[in-house]
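Undergrad: So here's query21.pdb, just PDB, C-alpha atoms, pLDDT in the B column:
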```
ATOM      1  CA  MET F   1      14.120 -17.156 -19.987  1.00 90.00           C
ATOM      2  CA  ILE F   2      16.351 -14.854 -17.913  1.00 96.00           C
ATOM      3  CA  ILE F   3      14.656 -11.674 -16.660  1.00 96.00           C
ATOM      4  CA  THR F   4      15.957  -8.624 -14.808  1.00 97.00           C
ATOM      5  CA  ASP F   5      13.530  -6.216 -13.185  1.00 97.00           C
ATOM      6  CA  SER F   6      13.124  -3.778 -10.305  1.00 97.00           C
ATOM      7  CA  ALA F   7      11.381  -5.319  -7.298  1.00 97.00           C
ATOM      8  CA  ILE F   8       9.980  -4.595  -3.863  1.00 97.00           C
ATOM      9  CA  ILE F   9      10.552  -7.563  -1.574  1.00 96.00           C
ATOM     10  CA  LEU F  10       7.215  -8.279   0.123  1.00 96.00           C
ATOM     11  CA  HIS F  11       8.163 -11.156   2.412  1.00 94.00           C
ATOM     12  CA  GLY F  12      10.049 -14.425   2.534  1.00 92.00           C
ATOM     13  CA  ARG F  13      10.202 -17.702   4.421  1.00 89.00           C
ATOM     14  CA  LYS F  14      12.741 -20.418   5.050  1.00 89.00           C
ATOM     15  CA  PHE F  15      12.924 -23.303   2.594  1.00 88.00           C
ATOM     16  CA  SER F  16      15.224 -26.205   3.381  1.00 85.00           C
ATOM     17  CA  ASP F  17      18.408 -25.659   5.375  1.00 84.00           C
ATOM     18  CA  THR F  18      19.941 -23.014   3.110  1.00 86.00           C
ATOM     19  CA  SER F  19      17.228 -21.584   0.852  1.00 89.00           C
ATOM     20  CA  LYS F  20      14.285 -19.166   0.996  1.00 92.00           C
ATOM     21  CA  ILE F  21      11.017 -18.628  -0.834  1.00 95.00           C
ATOM     22  CA  LEU F  22      10.610 -14.945  -1.725  1.00 95.00           C
ATOM     23  CA  HIS F  23       7.549 -12.994  -2.759  1.00 96.00           C
ATOM     24  CA  ALA F  24       8.175  -9.742  -4.598  1.00 97.00           C
ATOM     25  CA  TYR F  25       6.279  -7.088  -6.521  1.00 98.00           C
ATOM     26  CA  THR F  26       8.108  -6.178  -9.709  1.00 98.00           C
ATOM     27  CA  LYS F  27       7.678  -3.233 -12.043  1.00 97.00           C
ATOM     28  CA  GLU F  28       7.221  -5.094 -15.329  1.00 97.00           C
ATOM     29  CA  HIS F  29       6.105  -8.558 -14.185  1.00 96.00           C
ATOM     30  CA  GLY F  30       3.821  -7.925 -11.213  1.00 96.00           C
ATOM     31  CA  LYS F  31       3.779 -10.111  -8.120  1.00 97.00           C
ATOM     32  CA  ILE F  32       6.048 -13.139  -8.373  1.00 96.00           C
ATOM     33  CA  SER F  33       7.392 -15.962  -6.219  1.00 96.00           C
ATOM     34  CA  LEU F  34      11.019 -17.058  -6.318  1.00 96.00           C
ATOM     35  CA  ILE F  35      13.170 -19.705  -4.746  1.00 93.00           C
ATOM     36  CA  ALA F  36      16.526 -18.310  -3.623  1.00 91.00           C
ATOM     37  CA  LYS F  37      18.815 -21.299  -3.303  1.00 90.00           C
ATOM     38  CA  GLY F  38      21.701 -21.217  -0.864  1.00 84.00           C
ATOM     39  CA  VAL F  39      21.016 -17.682   0.397  1.00 83.00           C
ATOM     40  CA  ARG F  40      20.958 -18.783   4.043  1.00 80.00           C
ATOM     41  CA  SER F  41      24.452 -20.211   3.822  1.00 78.00           C
ATOM     42  CA  ALA F  42      27.644 -18.434   4.875  1.00 67.00           C
ATOM     43  CA  LYS F  43      28.611 -17.979   1.227  1.00 74.00           C
ATOM     44  CA  ASN F  44      25.512 -15.930   0.377  1.00 76.00           C
ATOM     45  CA  THR F  45      26.451 -12.811  -1.632  1.00 77.00           C
ATOM     46  CA  MET F  46      22.995 -11.231  -1.919  1.00 82.00           C
ATOM     47  CA  GLY F  47      22.953  -9.946   1.641  1.00 80.00           C
ATOM     48  CA  SER F  48      20.022  -7.755   2.602  1.00 87.00           C
ATOM     49  CA  ALA F  49      18.891  -7.287  -1.021  1.00 91.00           C
ATOM     50  CA  ILE F  50      16.395 -10.115  -0.545  1.00 92.00           C
ATOM     51  CA  GLU F  51      15.026  -9.019   2.828  1.00 91.00           C
ATOM     52  CA  ALA F  52      11.488  -7.637   3.194  1.00 92.00           C
ATOM     53  CA  LEU F  53      11.075  -3.897   2.448  1.00 94.00           C
ATOM     54  CA  ARG F  54      14.097  -3.810   0.148  1.00 94.00           C
ATOM     55  CA  CYS F  55      13.889  -2.177  -3.277  1.00 96.00           C
ATOM     56  CA  SER F  56      16.218  -4.312  -5.361  1.00 96.00           C
ATOM     57  CA  SER F  57      17.226  -5.163  -8.890  1.00 97.00           C
ATOM     58  CA  MET F  58      16.677  -8.892  -9.360  1.00 96.00           C
ATOM     59  CA  THR F  59      17.532 -11.373 -12.078  1.00 96.00           C
ATOM     60  CA  TRP F  60      15.738 -14.690 -12.244  1.00 96.00           C
ATOM     61  CA  TYR F  61      15.081 -17.700 -14.441  1.00 96.00           C
ATOM     62  CA  LYS F  62      11.410 -17.622 -15.447  1.00 94.00           C
ATOM     63  CA  TYR F  63       9.909 -21.070 -15.911  1.00 91.00           C
ATOM     64  CA  PRO F  64       6.923 -21.253 -18.309  1.00 89.00           C
ATOM     65  CA  ASN F  65       3.642 -22.470 -16.812  1.00 88.00           C
ATOM     66  CA  LYS F  66       5.053 -22.368 -13.269  1.00 90.00           C
ATOM     67  CA  ASP F  67       4.347 -20.084 -10.313  1.00 91.00           C
ATOM     68  CA  LEU F  68       7.760 -20.479  -8.662  1.00 95.00           C
ATOM     69  CA  HIS F  69      10.873 -19.216 -10.446  1.00 96.00           C
ATOM     70  CA  LEU F  70      14.601 -19.414  -9.641  1.00 95.00           C
ATOM     71  CA  LEU F  71      16.438 -16.335  -8.362  1.00 94.00           C
ATOM     72  CA  LYS F  72      19.820 -15.805  -9.998  1.00 94.00           C
ATOM     73  CA  SER F  73      21.029 -12.571  -8.353  1.00 93.00           C
ATOM     74  CA  ALA F  74      19.849  -9.495  -6.460  1.00 94.00           C
ATOM     75  CA  GLU F  75      21.318  -6.188  -5.391  1.00 94.00           C
ATOM     76  CA  ILE F  76      19.854  -3.167  -3.631  1.00 95.00           C
ATOM     77  CA  ALA F  77      18.661  -0.541  -6.119  1.00 95.00           C
ATOM     78  CA  ILE F  78      17.219   2.085  -3.747  1.00 94.00           C
ATOM     79  CA  PRO F  79      18.619   2.205  -0.196  1.00 91.00           C
ATOM     80  CA  LEU F  80      15.848   2.516   2.391  1.00 93.00           C
ATOM     81  CA  TYR F  81      17.905   1.996   5.518  1.00 89.00           C
ATOM     82  CA  HIS F  82      16.114   4.606   7.653  1.00 93.00           C
ATOM     83  CA  ILE F  83      12.806   2.725   7.513  1.00 94.00           C
ATOM     84  CA  THR F  84      13.991   0.265  10.155  1.00 90.00           C
ATOM     85  CA  SER F  85      15.326   2.952  12.520  1.00 89.00           C
ATOM     86  CA  ASP F  86      11.881   3.951  13.825  1.00 91.00           C
ATOM     87  CA  TYR F  87       9.276   1.415  14.930  1.00 92.00           C
ATOM     88  CA  GLU F  88       6.226   3.398  13.813  1.00 92.00           C
ATOM     89  CA  VAL F  89       7.823   4.100  10.420  1.00 94.00           C
ATOM     90  CA  LEU F  90       8.693   0.408  10.110  1.00 94.00           C
ATOM     91  CA  MET F  91       5.119  -0.675  10.847  1.00 93.00           C
ATOM     92  CA  SER F  92       3.778   1.857   8.356  1.00 94.00           C
ATOM     93  CA  ALA F  93       6.115   0.491   5.671  1.00 95.00           C
ATOM     94  CA  MET F  94       5.121  -3.070   6.517  1.00 95.00           C
ATOM     95  CA  GLY F  95       1.515  -1.969   6.109  1.00 94.00           C
ATOM     96  CA  ILE F  96       2.287  -0.827   2.562  1.00 96.00           C
ATOM     97  CA  VAL F  97       3.911  -4.118   1.522  1.00 96.00           C
ATOM     98  CA  GLU F  98       1.085  -6.122   3.129  1.00 95.00           C
ATOM     99  CA  ILE F  99      -1.539  -4.082   1.246  1.00 96.00           C
ATOM    100  CA  LEU F 100       0.453  -4.469  -1.966  1.00 95.00           C
ATOM    101  CA  SER F 101       0.698  -8.213  -1.411  1.00 94.00           C
ATOM    102  CA  VAL F 102      -3.013  -8.821  -0.771  1.00 94.00           C
ATOM    103  CA  THR F 103      -4.466  -6.445  -3.377  1.00 95.00           C
ATOM    104  CA  GLN F 104      -2.321  -7.370  -6.396  1.00 95.00           C
ATOM    105  CA  GLU F 105      -2.767 -10.495  -8.494  1.00 94.00           C
ATOM    106  CA  VAL F 106       0.072 -12.841  -9.472  1.00 94.00           C
ATOM    107  CA  GLU F 107       2.059 -11.700 -12.530  1.00 94.00           C
ATOM    108  CA  GLU F 108      -0.283  -8.800 -13.338  1.00 95.00           C
ATOM    109  CA  ALA F 109       2.079  -5.884 -13.901  1.00 96.00           C
ATOM    110  CA  ASN F 110       1.132  -2.270 -13.227  1.00 97.00           C
ATOM    111  CA  PRO F 111       4.143   0.081 -13.430  1.00 97.00           C
ATOM    112  CA  LEU F 112       2.031   2.943 -11.996  1.00 98.00           C
ATOM    113  CA  ILE F 113       1.304   0.949  -8.834  1.00 98.00           C
ATOM    114  CA  PHE F 114       4.975   0.021  -8.575  1.00 98.00           C
ATOM    115  CA  ASP F 115       5.922   3.700  -8.856  1.00 98.00           C
ATOM    116  CA  ILE F 116       3.363   4.692  -6.195  1.00 97.00           C
ATOM    117  CA  SER F 117       4.737   2.014  -3.863  1.00 98.00           C
ATOM    118  CA  ILE F 118       8.344   3.162  -4.314  1.00 97.00           C
ATOM    119  CA  LYS F 119       7.392   6.794  -3.686  1.00 97.00           C
ATOM    120  CA  ALA F 120       5.496   5.854  -0.520  1.00 97.00           C
ATOM    121  CA  LEU F 121       8.429   3.847   0.873  1.00 97.00           C
ATOM    122  CA  ASN F 122      10.814   6.677  -0.021  1.00 96.00           C
ATOM    123  CA  ALA F 123       8.606   9.153   1.827  1.00 96.00           C
ATOM    124  CA  LEU F 124       8.750   6.974   4.941  1.00 96.00           C
ATOM    125  CA  ASN F 125      12.504   6.556   4.582  1.00 96.00           C
ATOM    126  CA  ASN F 126      12.879  10.361   4.339  1.00 94.00           C
ATOM    127  CA  LYS F 127      10.806  10.852   7.521  1.00 91.00           C
ATOM    128  CA  GLN F 128       7.904  12.687   5.926  1.00 90.00           C
ATOM    129  CA  CYS F 129       5.059  13.134   8.452  1.00 89.00           C
ATOM    130  CA  PRO F 130       7.331  12.278  11.411  1.00 87.00           C
ATOM    131  CA  ASP F 131       4.505  12.714  13.950  1.00 87.00           C
ATOM    132  CA  SER F 132       2.115  10.355  12.137  1.00 89.00           C
ATOM    133  CA  PRO F 133       3.976   8.290   9.505  1.00 92.00           C
ATOM    134  CA  TYR F 134       0.961   6.019   8.958  1.00 93.00           C
ATOM    135  CA  THR F 135      -0.539   9.004   7.133  1.00 94.00           C
ATOM    136  CA  ILE F 136       1.756   8.018   4.247  1.00 95.00           C
ATOM    137  CA  THR F 137       0.246   4.522   4.255  1.00 96.00           C
ATOM    138  CA  LEU F 138      -3.216   6.087   4.049  1.00 96.00           C
ATOM    139  CA  LEU F 139      -2.050   8.316   1.187  1.00 97.00           C
ATOM    140  CA  PHE F 140      -0.724   5.181  -0.512  1.00 97.00           C
ATOM    141  CA  LEU F 141      -4.180   3.592  -0.190  1.00 97.00           C
ATOM    142  CA  LEU F 142      -5.862   6.652  -1.699  1.00 97.00           C
ATOM    143  CA  LYS F 143      -3.528   6.680  -4.699  1.00 97.00           C
ATOM    144  CA  LEU F 144      -3.659   2.875  -5.018  1.00 97.00           C
ATOM    145  CA  ALA F 145      -7.458   2.987  -5.275  1.00 97.00           C
ATOM    146  CA  SER F 146      -7.166   5.449  -8.147  1.00 97.00           C
ATOM    147  CA  ALA F 147      -4.502   3.349  -9.894  1.00 97.00           C
ATOM    148  CA  MET F 148      -6.735   0.273  -9.585  1.00 96.00           C
ATOM    149  CA  GLY F 149      -9.604   2.099 -11.255  1.00 95.00           C
ATOM    150  CA  PHE F 150     -11.845   3.112  -8.360  1.00 95.00           C
ATOM    151  CA  GLY F 151     -10.564   6.472  -7.191  1.00 96.00           C
ATOM    152  CA  MET F 152     -12.553   8.432  -4.619  1.00 96.00           C
ATOM    153  CA  HIS F 153     -14.645  11.576  -5.229  1.00 95.00           C
ATOM    154  CA  LEU F 154     -13.799  13.751  -2.239  1.00 95.00           C
ATOM    155  CA  LYS F 155     -14.482  17.385  -3.096  1.00 94.00           C
ATOM    156  CA  SER F 156     -17.784  17.186  -4.932  1.00 94.00           C
ATOM    157  CA  CYS F 157     -20.739  14.821  -4.816  1.00 93.00           C
ATOM    158  CA  PRO F 158     -20.415  12.128  -7.530  1.00 92.00           C
ATOM    159  CA  ILE F 159     -24.206  12.210  -7.986  1.00 91.00           C
ATOM    160  CA  THR F 160     -25.158  15.917  -7.930  1.00 92.00           C
ATOM    161  CA  GLY F 161     -21.770  17.597  -8.447  1.00 93.00           C
ATOM    162  CA  GLU F 162     -22.363  19.760  -5.379  1.00 93.00           C
ATOM    163  CA  ILE F 163     -19.228  20.902  -3.514  1.00 94.00           C
ATOM    164  CA  ILE F 164     -18.780  19.049  -0.212  1.00 93.00           C
ATOM    165  CA  ASN F 165     -19.157  21.395   2.746  1.00 89.00           C
ATOM    166  CA  LEU F 166     -16.552  20.724   5.446  1.00 91.00           C
ATOM    167  CA  GLN F 167     -18.475  22.952   7.876  1.00 89.00           C
ATOM    168  CA  GLN F 168     -20.870  20.080   8.457  1.00 87.00           C
ATOM    169  CA  GLU F 169     -20.196  17.981  11.544  1.00 87.00           C
ATOM    170  CA  GLN F 170     -20.683  14.722   9.627  1.00 90.00           C
ATOM    171  CA  ILE F 171     -20.515  13.905   5.924  1.00 92.00           C
ATOM    172  CA  LEU F 172     -22.018  10.883   4.198  1.00 92.00           C
ATOM    173  CA  PHE F 173     -19.626   8.670   2.213  1.00 94.00           C
ATOM    174  CA  SER F 174     -21.101   6.270  -0.347  1.00 94.00           C
ATOM    175  CA  PHE F 175     -19.069   3.123  -0.981  1.00 93.00           C
ATOM    176  CA  MET F 176     -21.023   2.281  -4.105  1.00 90.00           C
ATOM    177  CA  HIS F 177     -20.695   5.751  -5.639  1.00 91.00           C
ATOM    178  CA  GLY F 178     -17.117   6.095  -4.423  1.00 93.00           C
ATOM    179  CA  GLY F 179     -17.208   9.386  -2.601  1.00 93.00           C
ATOM    180  CA  CYS F 180     -18.730  11.962  -0.299  1.00 93.00           C
ATOM    181  CA  VAL F 181     -22.331  12.804  -1.149  1.00 92.00           C
ATOM    182  CA  SER F 182     -24.424  15.908  -0.545  1.00 88.00           C
ATOM    183  CA  ASP F 183     -27.280  16.150   1.944  1.00 82.00           C
ATOM    184  CA  ALA F 184     -29.770  16.197  -0.924  1.00 79.00           C
ATOM    185  CA  VAL F 185     -28.986  12.565  -1.789  1.00 82.00           C
ATOM    186  CA  ASN F 186     -30.997   9.809  -0.113  1.00 79.00           C
ATOM    187  CA  LEU F 187     -29.078   6.532   0.066  1.00 77.00           C
ATOM    188  CA  SER F 188     -29.498   3.333   2.072  1.00 70.00           C
ATOM    189  CA  ASP F 189     -27.471   2.938   5.264  1.00 68.00           C
ATOM    190  CA  ARG F 190     -25.855  -0.259   3.947  1.00 72.00           C
ATOM    191  CA  ASP F 191     -24.180   1.660   1.149  1.00 81.00           C
ATOM    192  CA  CYS F 192     -22.832   4.473   3.318  1.00 88.00           C
ATOM    193  CA  ILE F 193     -20.820   5.511   6.333  1.00 90.00           C
ATOM    194  CA  LEU F 194     -20.865   8.796   8.229  1.00 91.00           C
ATOM    195  CA  LEU F 195     -17.454  10.462   8.429  1.00 94.00           C
ATOM    196  CA  ASN F 196     -16.543  13.419  10.602  1.00 94.00           C
ATOM    197  CA  SER F 197     -15.426  16.542   8.791  1.00 94.00           C
ATOM    198  CA  SER F 198     -11.878  16.071  10.124  1.00 94.00           C
ATOM    199  CA  ALA F 199     -11.461  12.711   8.336  1.00 95.00           C
ATOM    200  CA  VAL F 200     -12.931  14.109   5.109  1.00 95.00           C
ATOM    201  CA  GLY F 201     -10.626  17.137   5.338  1.00 95.00           C
ATOM    202  CA  ILE F 202      -7.617  14.806   5.631  1.00 96.00           C
ATOM    203  CA  LEU F 203      -8.748  12.845   2.567  1.00 96.00           C
ATOM    204  CA  GLN F 204      -9.186  16.075   0.599  1.00 96.00           C
ATOM    205  CA  ALA F 205      -5.732  17.274   1.633  1.00 95.00           C
ATOM    206  CA  MET F 206      -4.257  13.916   0.590  1.00 95.00           C
ATOM    207  CA  ASP F 207      -5.978  14.207  -2.763  1.00 94.00           C
ATOM    208  CA  ASP F 208      -4.020  17.424  -3.410  1.00 92.00           C
ATOM    209  CA  CYS F 209      -0.548  16.332  -2.314  1.00 93.00           C
ATOM    210  CA  SER F 210       2.312  14.162  -3.500  1.00 94.00           C
ATOM    211  CA  PHE F 211       4.509  11.791  -1.516  1.00 94.00           C
ATOM    212  CA  GLU F 212       7.422  14.187  -1.932  1.00 91.00           C
ATOM    213  CA  HIS F 213       5.603  17.042  -0.186  1.00 89.00           C
ATOM    214  CA  VAL F 214       3.146  15.388   2.194  1.00 89.00           C
ATOM    215  CA  SER F 215       3.012  17.015   5.631  1.00 87.00           C
ATOM    216  CA  ILE F 216      -0.525  16.163   6.768  1.00 90.00           C
ATOM    217  CA  GLN F 217      -1.216  15.575  10.438  1.00 86.00           C
ATOM    218  CA  CYS F 218      -3.646  12.739  11.123  1.00 90.00           C
ATOM    219  CA  SER F 219      -4.800  11.936  14.660  1.00 90.00           C
ATOM    220  CA  LEU F 220      -4.934   8.352  15.880  1.00 90.00           C
ATOM    221  CA  GLN F 221      -8.748   8.447  15.883  1.00 91.00           C
ATOM    222  CA  ASP F 222      -8.865   9.678  12.289  1.00 93.00           C
ATOM    223  CA  GLN F 223      -6.354   6.975  11.281  1.00 92.00           C
ATOM    224  CA  ILE F 224      -8.666   4.307  12.746  1.00 91.00           C
ATOM    225  CA  VAL F 225     -11.677   5.752  10.906  1.00 93.00           C
ATOM    226  CA  LEU F 226      -9.804   5.893   7.584  1.00 95.00           C
ATOM    227  CA  ILE F 227      -8.344   2.376   7.924  1.00 93.00           C
ATOM    228  CA  ASP F 228     -11.884   1.027   8.299  1.00 92.00           C
ATOM    229  CA  LEU F 229     -13.067   3.153   5.363  1.00 95.00           C
ATOM    230  CA  PHE F 230     -10.341   1.906   3.019  1.00 96.00           C
ATOM    231  CA  GLN F 231     -10.746  -1.750   4.006  1.00 94.00           C
ATOM    232  CA  ARG F 232     -14.469  -1.627   3.279  1.00 94.00           C
ATOM    233  CA  TYR F 233     -13.956   0.403   0.101  1.00 95.00           C
ATOM    234  CA  PHE F 234     -11.315  -1.920  -1.352  1.00 95.00           C
ATOM    235  CA  SER F 235     -13.385  -4.977  -0.422  1.00 94.00           C
ATOM    236  CA  LEU F 236     -16.440  -3.675  -2.301  1.00 92.00           C
ATOM    237  CA  HIS F 237     -14.661  -2.526  -5.433  1.00 92.00           C
ATOM    238  CA  SER F 238     -12.243  -5.475  -5.669  1.00 88.00           C
ATOM    239  CA  HIS F 239     -14.973  -8.033  -4.889  1.00 85.00           C
ATOM    240  CA  LYS F 240     -12.785  -9.532  -2.165  1.00 86.00           C
ATOM    241  CA  SER F 241     -12.775  -9.276   1.607  1.00 86.00           C
ATOM    242  CA  TYR F 242      -9.755  -7.250   2.699  1.00 84.00           C
ATOM    243  CA  ARG F 243      -8.591  -6.886   6.266  1.00 83.00           C
ATOM    244  CA  TRP F 244      -4.897  -6.142   6.550  1.00 82.00           C
ATOM    245  CA  ASN F 245      -3.206  -6.678   9.875  1.00 84.00           C
ATOM    246  CA  THR F 246      -0.228  -4.302  10.087  1.00 85.00           C
ATOM    247  CA  TYR F 247      -0.798  -1.035  11.968  1.00 82.00           C
ATOM    248  CA  PRO F 248       1.380   1.368  13.948  1.00 76.00           C
ATOM    249  CA  PRO F 249       1.419   1.253  17.767  1.00 73.00           C
ATOM    250  CA  GLY F 250      -1.813   2.401  19.409  1.00 73.00           C
ATOM    251  CA  ILE F 251      -4.156   1.186  16.689  1.00 75.00           C
ATOM    252  CA  SER F 252      -6.334  -1.861  17.212  1.00 65.00           C
ATOM    253  CA  THR F 253      -9.163  -2.942  14.947  1.00 55.00           C
ATOM    254  CA  GLN F 254     -10.400  -5.685  17.239  1.00 52.00           C
TER     255      GLN F 254
END
```
Mind converting the file's structure to structure tokens?
TA:
Amino acid sequence: MIITDSAIILHGRKFSDTSKILHAYTKEHGKISLIAKGVRSAKNTMGSAIEALRCSSMTWYKYPNKDLHLLKSAEIAIPLYHITSDYEVLMSAMGIVEILSVTQEVEEANPLIFDISIKALNALNNKQCPDSPYTITLLFLLKLASAMGFGMHLKSCPITGEIINLQQEQILFSFMHGGCVSDAVNLSDRDCILLNSSAVGILQAMDDCSFEHVSIQCSLQDQIVLIDLFQRYFSLHSHKSYRWNTYPPGISTQ
């Protein structure tokens, strides 16, 4: 079967003297693996369309009952050339494709997640949030959680319905209940984390904005807090242990 679909190239590795193994997230076919024969030779016509972070239109031969398919052709569909011009933007984009790679299952399509991913990469390419581009990666995580079925409750308590008061110095976030909870709720420490009002305010602002109009400032300390929050949140609700490794300069989770 010959298939053509839009794809985000996640990563690739050398295979033999002239070929590569590619991993891509496609709009209609989910995460797939492809062998691209001869693409490392001088006669390769696919160019940068099969490099990581490219948004390309790909055609491949799908083999039934196999995990590795044969790439026929690829061409760039959405140019994202500015992503590589700034190191912090590049690392933020690499964070998005790493998260996409580890959270999505093989050949499980979700066009909404594909659309979210494209919009996030476009926002980075267009230099949204130039002072803290990793904010776009955090926004991607917030919208990805919702698309995967475990969106966060950030403005009102998921248990009592009470509006969350940002005047408090610290606000309790329940992983199990998926949101910020009011002071009246008594939960075990294992289920919760205390967030400062600044981090909660950033999450609430993200909840209201789109990738096309995001202009949220997020300090390095708040980025570290939110990275930890999302890793723990995704791990609980996906029943897997997630710890992605791509961060912008200045962030260490060691």
Undergrad: Find the distance between CA of Asn44 in chain F and CA of Ala77 in chain F and write it in Å to one decimal.
TA: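 Those two atoms sit 18.1 Å apart.
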Undergrad: In Å, rounded to a single decimal, give me how far CA of Leu71 in chain F is from CA of Ile21 in chain F.
TA: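 We find that CA of Ile21 in chain F and CA of Leu71 in chain F lie 9.6 Å from each other.
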Undergrad: With the PyMOL selection byres ((chain F and resi 92) around 12) as the selection, what would be picked from this file? Answer as a PyMOL selection string, please.
TA: chain F and resi 53+83-84+86-91+93-99+120-125+127-130+132-141+223+244-249+251
Undergrad: What's the 8 Å shell around Cys157 in chain F, counting only C-alpha atoms, without same-chain residues fewer than 3 positions away, as a PyMOL selection string?
TA: chain F and resi 153-154+160-164+179-182
Undergrad: Counting only C-alpha atoms, figure out which residue out of F:Gly201, F:Pro111, F:Gly38, F:Gly178 gets nearest to Asp5 in chain F.
TA: F:Pro111
Undergrad: Which residues, written as an MDAnalysis selection string, have at least one atom at most 12 Å from Ile8 in chain F, with all atoms listed in the file counted and residues fewer than 6 positions away on the same chain left out?
TA: chainID F and resid 22:33 49:58 74:80 93:94 96:98 100:101 113:122
Undergrad: Around all listed atoms of range 17-31 of chain F, padded 5 Å per side, what centre and edge lengths does the axis-aligned box have in Å to one decimal, as lines of an AutoDock Vina configuration file?
TA:
```
center_x = 11.9
center_y = -14.4
center_z = -5.0
size_x = 26.2
size_y = 32.4
size_z = 30.7
```
Undergrad: Have a look at CA of Tyr233 in chain F and CA of Leu10 in chain F and let me know their distance in Å, one decimal.
TA: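 The value is 22.9 Å.
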Undergrad: When distances are computed from only C-alpha atoms, which of F:Leu187, F:Leu142, F:Ile171, F:Ile193 shows the smallest separation from Phe211 in chain F?
TA: F:Leu142
Undergrad: With the PyMOL selection byres ((chain F and resi 238-240) around 10) as the selection, what would be picked from this file? Answer as a list in words, please.
TA: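 This file, filtered by the PyMOL selection byres ((chain F and resi 238-240) around 10), leaves Val102, Thr103, Ala145, Met148, Gly149, Phe150, Arg232, Tyr233, Phe234, Ser235, Leu236, His237, Ser241, Tyr242 and Arg243 of chain F.
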Undergrad: Write the selection just made, keeping C-alpha atoms, as a PDB file, in the frame of the given file?
TA:
```
ATOM      1  CA  VAL F 102      -3.013  -8.821  -0.771  1.00 94.00           C
ATOM      2  CA  THR F 103      -4.466  -6.445  -3.377  1.00 95.00           C
ATOM      3  CA  ALA F 145      -7.458   2.987  -5.275  1.00 97.00           C
ATOM      4  CA  MET F 148      -6.735   0.273  -9.585  1.00 96.00           C
ATOM      5  CA  GLY F 149      -9.604   2.099 -11.255  1.00 95.00           C
ATOM      6  CA  PHE F 150     -11.845   3.112  -8.360  1.00 95.00           C
ATOM      7  CA  ARG F 232     -14.469  -1.627   3.279  1.00 94.00           C
ATOM      8  CA  TYR F 233     -13.956   0.403   0.101  1.00 95.00           C
ATOM      9  CA  PHE F 234     -11.315  -1.920  -1.352  1.00 95.00           C
ATOM     10  CA  SER F 235     -13.385  -4.977  -0.422  1.00 94.00           C
ATOM     11  CA  LEU F 236     -16.440  -3.675  -2.301  1.00 92.00           C
ATOM     12  CA  HIS F 237     -14.661  -2.526  -5.433  1.00 92.00           C
ATOM     13  CA  SER F 241     -12.775  -9.276   1.607  1.00 86.00           C
ATOM     14  CA  TYR F 242      -9.755  -7.250   2.699  1.00 84.00           C
ATOM     15  CA  ARG F 243      -8.591  -6.886   6.266  1.00 83.00           C
TER      16      ARG F 243
END
```
Undergrad: If we count only C-alpha atoms and set the cut-off at 12 Å, which residues sit around Ala199 in chain F, ignoring sequence neighbours fewer than 5 positions away in its own chain? Please answer as a ChimeraX atom specification.
TA: /F:135,138,154,166,168-173,180,193-194,204-206,216-229
